[in-house]
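J.: Coordinates in entry-v6.csv, CSV, C-alpha atoms, are listed below.
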chain,number,residue,atom,x,y,z
I,1,MET,CA,9.2,-45.0,17.3
I,2,GLY,CA,7.1,-47.8,15.9
I,3,ASN,CA,7.4,-49.3,12.4
I,4,VAL,CA,6.4,-47.4,9.4
I,5,PRO,CA,2.7,-47.7,9.1
I,6,LYS,CA,1.6,-50.0,6.3
I,7,THR,CA,-0.7,-47.3,4.8
I,8,VAL,CA,0.3,-43.7,5.0
I,9,SER,CA,-2.0,-42.0,7.4
I,10,LYS,CA,-4.0,-39.2,5.9
I,11,GLY,CA,-3.0,-35.8,7.2
I,12,GLN,CA,-5.8,-34.9,9.5
I,13,GLY,CA,-4.9,-31.3,9.2
I,14,ARG,CA,-4.7,-31.2,5.4
I,15,ARG,CA,-6.8,-28.3,4.2
I,16,GLU,CA,-9.5,-28.7,1.6
I,17,THR,CA,-9.7,-26.3,-1.3
I,18,PRO,CA,-12.5,-23.8,-0.8
I,19,ALA,CA,-15.7,-24.9,-2.4
I,20,ARG,CA,-16.2,-21.9,-4.7
I,21,ARG,CA,-13.4,-19.8,-6.0
I,22,ALA,CA,-13.5,-17.2,-8.8
I,23,SER,CA,-12.3,-18.3,-12.2
I,24,PRO,CA,-8.9,-16.9,-13.2
I,25,GLU,CA,-10.6,-14.4,-15.6
I,26,GLU,CA,-13.0,-13.3,-12.9
I,27,GLU,CA,-10.2,-12.9,-10.5
I,28,ARG,CA,-8.2,-10.8,-13.0
I,29,GLU,CA,-11.1,-8.5,-13.3
I,30,VAL,CA,-11.5,-8.2,-9.5
I,31,VAL,CA,-7.7,-7.4,-9.4
I,32,ARG,CA,-8.1,-4.7,-12.1
I,33,ARG,CA,-10.9,-3.1,-10.1
I,34,ALA,CA,-8.8,-3.2,-6.9
I,35,GLN,CA,-5.9,-1.7,-8.9
I,36,ARG,CA,-8.2,1.2,-9.8
I,37,GLY,CA,-8.7,1.8,-6.1
I,38,ASP,CA,-11.9,-0.2,-5.5
I,39,GLN,CA,-11.5,-1.2,-1.9
I,40,GLY,CA,-14.6,-3.5,-2.1
I,41,ALA,CA,-12.8,-5.5,-4.8
I,42,TYR,CA,-9.7,-5.8,-2.7
I,43,GLU,CA,-11.8,-6.9,0.2
I,44,GLU,CA,-13.2,-9.7,-2.0
I,45,LEU,CA,-9.6,-10.7,-2.8
I,46,VAL,CA,-8.7,-10.7,0.9
I,47,ARG,CA,-11.6,-12.9,1.7
I,48,THR,CA,-10.6,-15.4,-1.0
I,49,HIS,CA,-6.9,-15.6,-0.1
I,50,GLN,CA,-6.8,-14.9,3.7
I,51,GLN,CA,-6.8,-18.6,4.6
I,52,ARG,CA,-3.8,-19.4,2.4
I,53,VAL,CA,-1.9,-16.3,3.3
I,54,LEU,CA,-2.4,-17.4,6.9
I,55,ALA,CA,-1.2,-20.9,6.0
I,56,VAL,CA,2.0,-19.6,4.4
I,57,VAL,CA,2.7,-17.2,7.3
I,58,GLY,CA,1.9,-19.9,9.8
I,59,GLY,CA,4.0,-22.4,7.9
I,60,ILE,CA,7.0,-20.1,8.4
I,61,LEU,CA,6.4,-18.6,11.8
I,62,ARG,CA,4.9,-21.9,13.3
I,63,GLN,CA,3.3,-21.5,16.7
I,64,ARG,CA,3.9,-17.8,17.0
I,65,GLU,CA,1.2,-15.6,18.3
I,66,ASP,CA,1.9,-13.0,15.7
I,67,VAL,CA,0.9,-15.1,12.7
I,68,GLU,CA,-2.4,-13.1,12.2
I,69,ASP,CA,-0.6,-9.8,12.7
I,70,VAL,CA,2.0,-10.7,10.0
I,71,ALA,CA,-0.8,-12.0,7.7
I,72,GLN,CA,-2.6,-8.7,8.2
I,73,GLN,CA,0.6,-6.8,7.5
I,74,VAL,CA,1.1,-8.8,4.3
I,75,LEU,CA,-2.5,-8.1,3.1
I,76,VAL,CA,-2.1,-4.4,3.8
I,77,LYS,CA,1.3,-4.2,2.1
I,78,ALA,CA,-0.1,-6.1,-1.0
I,79,TYR,CA,-2.8,-3.5,-1.4
I,80,PHE,CA,-0.3,-0.7,-1.6
I,81,SER,CA,1.9,-2.7,-4.1
I,82,LEU,CA,-1.1,-3.7,-6.2
I,83,LYS,CA,-0.4,-1.1,-8.9
I,84,LYS,CA,3.0,-2.8,-9.5
I,85,PHE,CA,1.3,-6.2,-10.0
I,86,ASP,CA,1.3,-6.9,-13.8
I,87,GLN,CA,-0.9,-10.0,-13.6
I,88,ARG,CA,1.7,-12.1,-15.4
I,89,SER,CA,1.2,-14.7,-12.6
I,90,ALA,CA,-1.9,-15.5,-10.6
I,91,PHE,CA,-2.8,-13.0,-7.9
I,92,GLY,CA,-2.5,-15.7,-5.3
I,93,THR,CA,1.0,-16.7,-6.3
I,94,TRP,CA,2.1,-13.0,-6.2
I,95,LEU,CA,0.4,-12.6,-2.8
I,96,TYR,CA,2.0,-15.7,-1.2
I,97,LYS,CA,5.4,-14.6,-2.4
I,98,ILE,CA,4.9,-11.3,-0.6
I,99,ALA,CA,3.9,-13.3,2.5
I,100,VAL,CA,7.0,-15.5,2.3
I,101,ASN,CA,9.3,-12.4,1.9
I,102,GLU,CA,7.5,-10.6,4.7
I,103,CYS,CA,7.9,-13.5,7.0
I,104,TRP,CA,11.6,-13.9,6.3
I,105,ASP,CA,12.1,-10.1,6.8
I,106,TYR,CA,10.2,-10.4,10.0
I,107,LEU,CA,12.3,-13.2,11.3
I,108,ARG,CA,15.5,-11.4,10.3
I,109,ARG,CA,14.3,-8.2,12.0
I,110,LYS,CA,13.3,-10.0,15.2
I,111,ARG,CA,16.1,-12.6,15.0
I,112,VAL,CA,13.6,-15.1,16.5
I,113,ARG,CA,14.6,-18.2,14.6
I,114,PRO,CA,15.7,-20.5,17.3
I,115,LEU,CA,18.5,-22.7,16.1
I,116,VAL,CA,17.9,-25.8,18.0
I,117,TYR,CA,20.5,-28.5,18.0
I,118,GLU,CA,19.8,-32.0,19.2
I,119,SER,CA,21.8,-31.3,22.3
I,120,ASP,CA,19.2,-28.6,23.1
I,121,LEU,CA,16.5,-31.2,23.5
I,122,SER,CA,16.0,-32.0,27.2
I,123,GLU,CA,16.0,-35.6,28.4
I,124,GLU,CA,12.3,-35.2,29.0
I,125,GLN,CA,11.7,-34.1,25.4
I,126,ALA,CA,13.8,-37.0,24.2
I,127,ARG,CA,11.7,-39.4,26.2
I,128,GLN,CA,8.5,-37.8,24.8
I,129,MET,CA,9.9,-38.4,21.4
I,130,ASP,CA,10.5,-42.0,22.1
I,131,ARG,CA,6.9,-42.4,23.2
I,132,TRP,CA,5.6,-41.2,19.9
I,133,GLU,CA,3.7,-43.7,17.9
I,134,PRO,CA,1.8,-43.1,14.7
I,135,ALA,CA,-1.8,-41.8,15.1
I,136,ALA,CA,-3.4,-45.2,14.8
I,137,GLU,CA,-1.7,-46.4,18.0
I,138,PHE,CA,-2.7,-43.3,20.0
I,139,PRO,CA,-4.6,-44.1,23.3
I,140,SER,CA,-8.3,-43.8,23.0
I,141,SER,CA,-8.7,-41.0,25.6
I,142,PRO,CA,-9.3,-37.8,23.7
I,143,ILE,CA,-7.5,-35.8,26.4
I,144,GLU,CA,-4.5,-38.1,26.4
I,145,ASN,CA,-4.6,-38.0,22.7
I,146,ALA,CA,-4.6,-34.2,22.6
I,147,LEU,CA,-1.8,-34.1,25.1
I,148,LYS,CA,0.3,-36.5,23.1
I,149,ARG,CA,-0.4,-34.6,19.9
I,150,ALA,CA,0.6,-31.3,21.5
I,151,GLU,CA,3.8,-32.8,22.7
I,152,LEU,CA,4.6,-34.3,19.4
I,153,ARG,CA,3.8,-31.0,17.7
I,154,GLN,CA,6.2,-29.2,19.9
I,155,LEU,CA,8.9,-31.7,19.4
I,156,LEU,CA,8.4,-31.8,15.7
I,157,ASP,CA,8.6,-28.0,15.5
I,158,ARG,CA,12.0,-28.3,17.2
I,159,LEU,CA,13.1,-31.0,14.9
I,160,LEU,CA,12.1,-29.0,11.9
I,161,CYS,CA,14.4,-26.2,13.1
I,162,HIS,CA,17.3,-28.4,12.0
I,163,LEU,CA,16.2,-28.1,8.4
I,164,GLU,CA,17.0,-25.3,6.0
I,165,GLU,CA,14.3,-22.6,6.1
I,166,LYS,CA,13.0,-23.3,2.6
I,167,ASP,CA,12.9,-27.1,3.2
I,168,ARG,CA,11.0,-26.7,6.4
I,169,LEU,CA,8.5,-24.4,4.7
I,170,MET,CA,8.1,-26.9,1.9
I,171,LEU,CA,7.3,-29.7,4.2
I,172,VAL,CA,4.9,-27.7,6.3
I,173,LEU,CA,3.1,-26.3,3.2
I,174,LYS,CA,2.9,-29.8,1.7
I,175,GLU,CA,2.0,-31.9,4.7
I,176,ALA,CA,0.0,-29.5,6.9
I,177,GLU,CA,-1.4,-26.9,4.7
I,178,GLY,CA,-2.2,-29.0,1.6
I,179,PHE,CA,-0.3,-27.0,-1.0
I,180,SER,CA,0.7,-28.9,-4.2
I,181,VAL,CA,4.3,-29.1,-5.3
I,182,GLU,CA,3.4,-26.8,-8.3
I,183,GLU,CA,2.1,-24.1,-5.9
I,184,ILE,CA,5.1,-24.5,-3.6
I,185,GLY,CA,7.4,-24.1,-6.6
I,186,GLU,CA,5.7,-20.9,-7.7
I,187,ILE,CA,5.8,-19.4,-4.2
I,188,LEU,CA,9.4,-20.1,-3.7
I,189,GLY,CA,10.5,-19.5,-7.3
I,190,LEU,CA,11.7,-23.1,-7.8
I,191,ASN,CA,10.9,-25.5,-10.5
I,192,VAL,CA,8.7,-28.4,-9.7
I,193,ASN,CA,11.4,-31.1,-10.0
I,194,THR,CA,13.6,-29.2,-7.6
I,195,VAL,CA,10.7,-28.9,-5.1
I,196,LYS,CA,10.2,-32.7,-5.3
I,197,VAL,CA,13.8,-33.5,-4.8
I,198,ARG,CA,14.2,-31.1,-1.9
I,199,LEU,CA,11.1,-32.4,-0.3
I,200,PHE,CA,12.3,-36.0,-0.5
I,201,ARG,CA,15.7,-35.1,0.8
I,202,ALA,CA,14.2,-33.0,3.6
I,203,ARG,CA,12.1,-35.9,4.7
I,204,GLY,CA,15.1,-38.1,4.8
I,205,ARG,CA,17.1,-35.6,6.9
I,206,LEU,CA,14.2,-35.2,9.3
I,207,VAL,CA,14.0,-38.9,9.9
I,208,GLU,CA,17.7,-39.2,10.2
I,209,ILE,CA,17.7,-36.5,13.0
I,210,TYR,CA,14.8,-38.3,14.7
I,211,ARG,CA,16.5,-41.7,14.6
I,212,ARG,CA,19.8,-40.3,15.8
I,213,ARG,CA,18.0,-38.7,18.7
I,214,MET,CA,16.2,-42.0,19.5
I,215,LYS,CA,19.4,-44.0,19.4
I,216,ARG,CA,21.1,-41.6,21.9
I,217,SER,CA,18.2,-41.7,24.4
I,218,ASP,CA,18.2,-45.6,24.3
O,1,MET,CA,23.2,-62.9,-7.3
O,2,ARG,CA,22.8,-59.5,-5.8
O,3,ASN,CA,22.5,-56.7,-8.2
O,4,VAL,CA,25.3,-54.1,-8.2
O,5,GLU,CA,22.7,-51.4,-7.2
O,6,GLU,CA,21.7,-53.5,-4.2
O,7,ALA,CA,24.8,-52.5,-2.4
O,8,ARG,CA,24.2,-48.8,-2.9
O,9,GLN,CA,23.3,-47.5,0.6
O,10,PRO,CA,22.4,-45.1,2.1
O,11,GLY,CA,20.4,-42.6,0.1
O,12,ALA,CA,18.3,-42.7,-3.0
O,13,CYS,CA,19.6,-42.6,-6.5
O,14,LYS,CA,19.5,-39.0,-7.7
O,15,LYS,CA,17.7,-39.9,-10.8
O,16,TYR,CA,14.7,-41.3,-8.9
O,17,GLU,CA,14.4,-38.8,-6.0
O,18,ALA,CA,11.7,-36.7,-7.7
O,19,ARG,CA,9.8,-39.8,-8.8
O,20,LEU,CA,10.0,-41.3,-5.3
O,21,GLU,CA,8.5,-38.1,-4.0
O,22,ASP,CA,5.7,-38.4,-6.5
O,23,ALA,CA,5.2,-42.0,-5.4
O,24,LEU,CA,5.1,-40.9,-1.8
O,25,THR,CA,2.5,-38.2,-2.6
O,26,ARG,CA,0.3,-40.7,-4.4
O,27,GLY,CA,0.7,-43.1,-1.5
O,28,LEU,CA,2.5,-45.7,-3.6
O,29,GLU,CA,3.1,-48.9,-1.7
O,30,LEU,CA,6.0,-51.1,-2.2
O,31,ARG,CA,3.8,-53.9,-3.5
O,32,ALA,CA,3.9,-54.7,-7.2
O,33,GLU,CA,0.1,-54.6,-7.3
O,34,SER,CA,-0.2,-51.0,-6.6
O,35,ASP,CA,2.8,-50.2,-8.8
O,36,ARG,CA,1.1,-51.7,-11.7
O,37,GLN,CA,-1.8,-49.3,-11.2
O,38,GLU,CA,0.6,-46.4,-11.4
O,39,GLY,CA,1.3,-47.2,-15.0
O,40,ALA,CA,4.7,-47.3,-16.8
O,41,ALA,CA,6.4,-44.8,-14.6
O,42,GLY,CA,5.2,-46.6,-11.5
O,43,SER,CA,6.4,-49.9,-12.9
O,44,GLU,CA,9.8,-48.4,-13.6
O,45,ILE,CA,10.1,-47.3,-10.0
O,46,ALA,CA,8.8,-50.6,-8.8
O,47,ALA,CA,11.5,-52.4,-10.9
O,48,HIS,CA,14.1,-50.0,-9.6
O,49,LEU,CA,13.0,-50.3,-6.0
O,50,ALA,CA,13.1,-54.1,-6.3
O,51,LYS,CA,16.8,-54.0,-6.9
O,52,CYS,CA,18.0,-50.8,-5.1
O,53,ALA,CA,18.2,-51.1,-1.4
O,54,GLY,CA,19.2,-47.4,-1.1
O,55,CYS,CA,16.1,-46.2,-2.7
O,56,ARG,CA,13.9,-48.6,-0.8
O,57,GLU,CA,15.4,-47.4,2.5
O,58,ALA,CA,15.1,-43.7,1.4
O,59,LEU,CA,11.4,-44.3,0.5
O,60,ARG,CA,10.8,-46.0,3.8
O,61,ALA,CA,12.4,-43.1,5.7
O,62,ALA,CA,10.4,-40.6,3.7
O,63,GLN,CA,7.2,-42.5,4.5
O,64,GLU,CA,8.2,-42.4,8.2
O,65,ALA,CA,8.7,-38.7,7.9
O,66,GLN,CA,5.4,-38.2,6.2
O,67,ALA,CA,3.6,-40.1,9.0
O,68,LEU,CA,5.4,-38.1,11.6
O,69,LEU,CA,4.6,-34.8,9.9
O,70,ARG,CA,1.0,-35.6,9.3
O,71,ASP,CA,0.5,-36.7,12.9
O,72,GLY,CA,2.5,-33.9,14.4
O,73,LEU,CA,1.8,-30.9,12.2
O,74,GLU,CA,-1.5,-29.1,12.3
O,75,PRO,CA,-2.6,-26.6,9.8
O,76,THR,CA,-2.7,-23.0,10.8
O,77,ALA,CA,-6.0,-22.1,12.5
O,78,GLU,CA,-8.8,-20.6,10.5
O,79,PRO,CA,-8.5,-16.9,10.1
O,80,HIS,CA,-10.3,-14.8,12.7
O,81,PRO,CA,-13.6,-13.5,11.3
O,82,ALA,CA,-12.4,-10.0,12.0
O,83,LEU,CA,-9.2,-10.4,10.0
O,84,VAL,CA,-10.8,-8.9,6.8
O,85,THR,CA,-12.2,-5.9,8.8
O,86,ARG,CA,-8.8,-5.4,10.4
O,87,VAL,CA,-7.0,-5.5,7.0
O,88,MET,CA,-9.4,-3.0,5.5
O,89,ALA,CA,-9.1,-0.7,8.6
O,90,GLY,CA,-5.3,-1.0,8.3
O,91,ILE,CA,-5.5,0.1,4.7
O,92,ARG,CA,-7.6,3.1,5.5
O,93,GLU,CA,-5.3,4.0,8.4
O,94,ARG,CA,-2.3,3.8,6.1
O,95,GLU,CA,-3.9,5.9,3.5
O,96,ALA,CA,-4.7,8.5,6.1
O,97,GLU,CA,-1.1,8.4,7.3
O,98,ARG,CA,0.1,8.8,3.8
O,99,ARG,CA,-2.2,11.8,3.2
O,100,GLN,CA,-0.9,13.3,6.5
O,101,GLU,CA,2.7,12.6,5.5
O,102,ALA,CA,2.1,14.3,2.2
O,103,THR,CA,0.6,17.3,4.0
O,104,GLU,CA,3.5,17.4,6.4
O,105,PHE,CA,5.9,17.3,3.5
O,106,TRP,CA,4.3,19.7,1.0
O,107,GLY,CA,2.7,22.0,3.7
O,108,PRO,CA,5.9,24.0,4.5
O,109,ILE,CA,6.8,24.1,0.8
O,110,GLU,CA,3.4,25.5,-0.1
O,111,GLN,CA,3.7,28.1,2.6
O,112,LEU,CA,7.2,29.1,1.4
O,113,ALA,CA,5.9,29.2,-2.2
O,114,ARG,CA,3.1,31.5,-1.1
O,115,ARG,CA,5.5,33.8,0.7
O,116,LEU,CA,7.8,33.8,-2.2
O,117,ALA,CA,4.9,34.8,-4.5
O,118,TRP,CA,4.0,37.7,-2.2
O,119,VAL,CA,7.6,38.9,-2.0
O,120,THR,CA,8.0,38.6,-5.8
O,121,THR,CA,4.8,40.6,-6.4
O,122,LEU,CA,5.9,43.2,-4.0
O,123,ALA,CA,9.4,43.4,-5.6
O,124,LEU,CA,7.8,43.7,-9.0
O,125,LEU,CA,5.5,46.6,-7.8
O,126,VAL,CA,8.5,48.4,-6.2
O,127,LEU,CA,10.6,48.0,-9.4
O,128,GLY,CA,7.7,49.1,-11.6
O,129,ALA,CA,7.1,52.2,-9.5
O,130,TYR,CA,10.8,53.0,-9.5
O,131,GLU,CA,11.0,52.5,-13.3
O,132,LEU,CA,8.0,54.8,-13.7
O,133,GLY,CA,9.6,57.4,-11.5
O,134,VAL,CA,12.9,57.4,-13.4
O,135,GLN,CA,11.1,57.6,-16.7
O,136,SER,CA,9.0,60.6,-15.6
O,137,GLY,CA,12.2,62.3,-14.3
O,138,ARG,CA,14.2,61.7,-17.5
O,139,SER,CA,14.1,64.5,-20.2
O,140,GLY,CA,12.8,63.3,-23.6
O,141,PRO,CA,14.2,64.3,-27.0
O,142,GLU,CA,14.2,68.0,-27.4
O,143,MET,CA,11.3,69.2,-29.4
O,144,ILE,CA,11.7,71.9,-32.1
O,145,SER,CA,9.0,74.4,-32.5
O,146,THR,CA,7.6,75.5,-35.8
O,147,ASN,CA,9.2,78.9,-35.4
O,148,GLU,CA,12.6,77.4,-34.9
O,149,LEU,CA,12.1,75.2,-37.9
O,150,ARG,CA,11.3,78.3,-39.9
O,151,GLU,CA,14.6,79.8,-38.7
O,152,ILE,CA,16.6,76.8,-39.7
O,153,PHE,CA,14.8,76.3,-43.0
O,154,PRO,CA,13.8,79.9,-43.9
O,155,ASP,CA,13.0,79.1,-47.6
O,156,PRO,CA,10.0,76.7,-47.7
O,157,ASN,CA,10.7,76.2,-51.4
O,158,ARG,CA,14.1,75.0,-50.9
O,159,LEU,CA,14.1,71.7,-49.0
O,160,PRO,CA,17.3,70.1,-47.8
O,161,MET,CA,18.9,67.8,-50.3
O,162,ASP,CA,19.6,65.0,-47.9
O,163,GLN,CA,19.8,64.0,-44.2
O,164,ASP,CA,23.3,65.3,-43.9
O,165,GLU,CA,22.2,68.8,-44.8
O,166,VAL,CA,19.4,68.5,-42.2
O,167,VAL,CA,21.9,67.5,-39.5
O,168,GLU,CA,24.4,70.3,-40.5
O,169,ARG,CA,21.7,72.9,-40.4
O,170,LEU,CA,20.4,71.7,-37.0
O,171,ALA,CA,24.0,71.6,-35.7
O,172,GLY,CA,24.6,75.1,-37.0
O,173,ASN,CA,21.4,76.4,-35.5
O,174,THR,CA,22.2,74.8,-32.1
O,175,ASN,CA,25.7,76.2,-32.0
O,176,GLY,CA,24.4,79.6,-32.9
O,177,ARG,CA,22.0,79.5,-30.0
Translate the structure described by the file into structure tokens.
T.:
Amino acid sequence: MGNVPKTVSKGQGRRETPARRASPEEEREVVRRAQRGDQGAYEELVRTHQQRVLAVVGGILRQREDVEDVAQQVLVKAYFSLKKFDQRSAFGTWLYKIAVNECWDYLRRKRVRPLVYESDLSEEQARQMDRWEPAAEFPSSPIENALKRAELRQLLDRLLCHLEEKDRLMLVLKEAEGFSVEEIGEILGLNVNTVKVRLFRARGRLVEIYRRRMKRSD
Amino acid sequence: MRNVEEARQPGACKKYEARLEDALTRGLELRAESDRQEGAAGSEIAAHLAKCAGCREALRAAQEAQALLRDGLEPTAEPHPALVTRVMAGIREREAERRQEATEFWGPIEQLARRLAWVTTLALLVLGAYELGVQSGRSGPEMISTNELREIFPDPNRLPMDQDEVVERLAGNTNGR
């Protein structure tokens, strides 16, 4: 891998916050209507939060075809649990927590979490990793660029499997989905400082695995 | 002379980990210029970074990880336009299932309750009829005619003194019959 880029590259994938979102009071009113059984109101909530639910689910299930199915399951489940929601937290936070739990249940049920150890990476994959350079140094051809990116994504997903589930989710939500540390803390039930420390350590571990891998393939 | 902290490697000082993450998020560079812009907290980190090789290395590694993640990770795709429709259809389907489940659960109980009501009504009718039959067959208290009364109490001017006398006279009359 090349040197650390002088300036940190902006995450191309980082999601922007939707242009217009209901104010917290407006949203509480919509939630109250939905709790009274107004399906139109719930549809409104789904429209507002579907993107982030998908981001959370995608953050945990990474590259699985069933991301939308699980997201749908989450949104349906939330509707039937809505009466239990006491509005002490924001609706979004409550919903994303359901999404996190649903995903972990899903993975437990399916036992699909692949525990990949470094030795599981093939020589070819190791070579692909060695070829990775930061975005600025990507070849100009869009096809080549896309291929490199796809390879890198695949390898990164495998590297992330070395991390603890929560750490992996934190990194993905932070770097790919654009969640703030405050939001991540609320979703995972951790205080902000803990999130920051865990994020920082998880980054260190990720690079450590990456460098070890590189050294071995030299 | 090298600072004592300079020798601390590898890993960041626990005290600074959260702040280094902040610095990373804000894109803090290791140069003093940008640190000054971060204010007092930034300056403190900058001062610490200047003397702590462990933290410098940890920050460098974290930056490397950040670059790797931002280049390699892509956000989850936009939701399919039909997702909302599917969710609402899923809700309606589940509601129908729940109604069906409720019918399946309460249906047999309702049927049983109806049957029980019929049987109870029937039993009450039978018992009522039986009770009526028994009562009509049972002899009531024996009635005494006016003539008999005159026999027992022949002198209308002399009424019995008390209840005991009435009973005695009635008993005497019955025995004599």
J.: What residues in chain O lie within 10 Å of chain I, counting only C-alpha atoms, written as a compact mmCIF listing (two decimals) with C-alpha atoms, keeping the file's coordinate frame?
T.:
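Result file is iface.txt:
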# COMPACT_ATOMS: atom_id res chain seq x y z
CA GLY O 11 20.40 -42.60 0.10
CA ALA O 12 18.30 -42.70 -3.00
CA LYS O 14 19.50 -39.00 -7.70
CA LYS O 15 17.70 -39.90 -10.80
CA TYR O 16 14.70 -41.30 -8.90
CA GLU O 17 14.40 -38.80 -6.00
CA ALA O 18 11.70 -36.70 -7.70
CA ARG O 19 9.80 -39.80 -8.80
CA LEU O 20 10.00 -41.30 -5.30
CA GLU O 21 8.50 -38.10 -4.00
CA ASP O 22 5.70 -38.40 -6.50
CA LEU O 24 5.10 -40.90 -1.80
CA THR O 25 2.50 -38.20 -2.60
CA ARG O 26 0.30 -40.70 -4.40
CA GLY O 27 0.70 -43.10 -1.50
CA LEU O 28 2.50 -45.70 -3.60
CA GLU O 29 3.10 -48.90 -1.70
CA LEU O 30 6.00 -51.10 -2.20
CA GLU O 57 15.40 -47.40 2.50
CA ALA O 58 15.10 -43.70 1.40
CA LEU O 59 11.40 -44.30 0.50
CA ARG O 60 10.80 -46.00 3.80
CA ALA O 61 12.40 -43.10 5.70
CA ALA O 62 10.40 -40.60 3.70
CA GLN O 63 7.20 -42.50 4.50
CA GLU O 64 8.20 -42.40 8.20
CA ALA O 65 8.70 -38.70 7.90
CA GLN O 66 5.40 -38.20 6.20
CA ALA O 67 3.60 -40.10 9.00
CA LEU O 68 5.40 -38.10 11.60
CA LEU O 69 4.60 -34.80 9.90
CA ARG O 70 1.00 -35.60 9.30
CA ASP O 71 0.50 -36.70 12.90
CA GLY O 72 2.50 -33.90 14.40
CA LEU O 73 1.80 -30.90 12.20
CA GLU O 74 -1.50 -29.10 12.30
CA PRO O 75 -2.60 -26.60 9.80
CA THR O 76 -2.70 -23.00 10.80
CA ALA O 77 -6.00 -22.10 12.50
CA GLU O 78 -8.80 -20.60 10.50
CA PRO O 79 -8.50 -16.90 10.10
CA HIS O 80 -10.30 -14.80 12.70
CA PRO O 81 -13.60 -13.50 11.30
CA LEU O 83 -9.20 -10.40 10.00
CA VAL O 84 -10.80 -8.90 6.80
CA THR O 85 -12.20 -5.90 8.80
CA ARG O 86 -8.80 -5.40 10.40
CA VAL O 87 -7.00 -5.50 7.00
CA MET O 88 -9.40 -3.00 5.50
CA ALA O 89 -9.10 -0.70 8.60
CA GLY O 90 -5.30 -1.00 8.30
CA ILE O 91 -5.50 0.10 4.70
CA ARG O 92 -7.60 3.10 5.50
CA ARG O 94 -2.30 3.80 6.10
CA GLU O 95 -3.90 5.90 3.50
J.: Suppose you want the space between atom CA of I:Val70 and atom CA of I:Asp105; what is it in Å?
T.: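 Value for the atom CA of I:Val70-atom CA of I:Asp105 distance: 10.6 Å.
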J.: One decimal, in Å: what's the spacing between atom CA of I:Pro24 and atom CA of I:Cys103?
T.: 26.5 Å
J.: State, in Å with one decimal place, the distance from atom CA of I:Lys166 to atom CA of I:Leu188.
T.: 7.9 Å
J.: Counting all atoms listed in the file, select every polymer residue within 10 Å of (16.0, 76.5, -37.6) as defined in the file's coordinates, and provide the selection as a PyMOL selection string.
T.: chain O and resi 144-154+166+169-174
J.: Got time to write the residues from that selection, C-alpha atoms, as a compact mmCIF listing (two decimals), keeping the file's coordinate frame?
T.:
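After the write, again-v7.txt holds the following:
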# COMPACT_ATOMS: atom_id res chain seq x y z
CA ILE O 144 11.70 71.90 -32.10
CA SER O 145 9.00 74.40 -32.50
CA THR O 146 7.60 75.50 -35.80
CA ASN O 147 9.20 78.90 -35.40
CA GLU O 148 12.60 77.40 -34.90
CA LEU O 149 12.10 75.20 -37.90
CA ARG O 150 11.30 78.30 -39.90
CA GLU O 151 14.60 79.80 -38.70
CA ILE O 152 16.60 76.80 -39.70
CA PHE O 153 14.80 76.30 -43.00
CA PRO O 154 13.80 79.90 -43.90
CA VAL O 166 19.40 68.50 -42.20
CA ARG O 169 21.70 72.90 -40.40
CA LEU O 170 20.40 71.70 -37.00
CA ALA O 171 24.00 71.60 -35.70
CA GLY O 172 24.60 75.10 -37.00
CA ASN O 173 21.40 76.40 -35.50
CA THR O 174 22.20 74.80 -32.10
J.: Name the closest residue to I:Tyr96 among the candidates I:Leu159, I:Ile184, I:Ile209, I:Val30; distances are taken between atoms, counting only C-alpha atoms.
T.: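 Of all the options, I:Ile184 lies closest to I:Tyr96.
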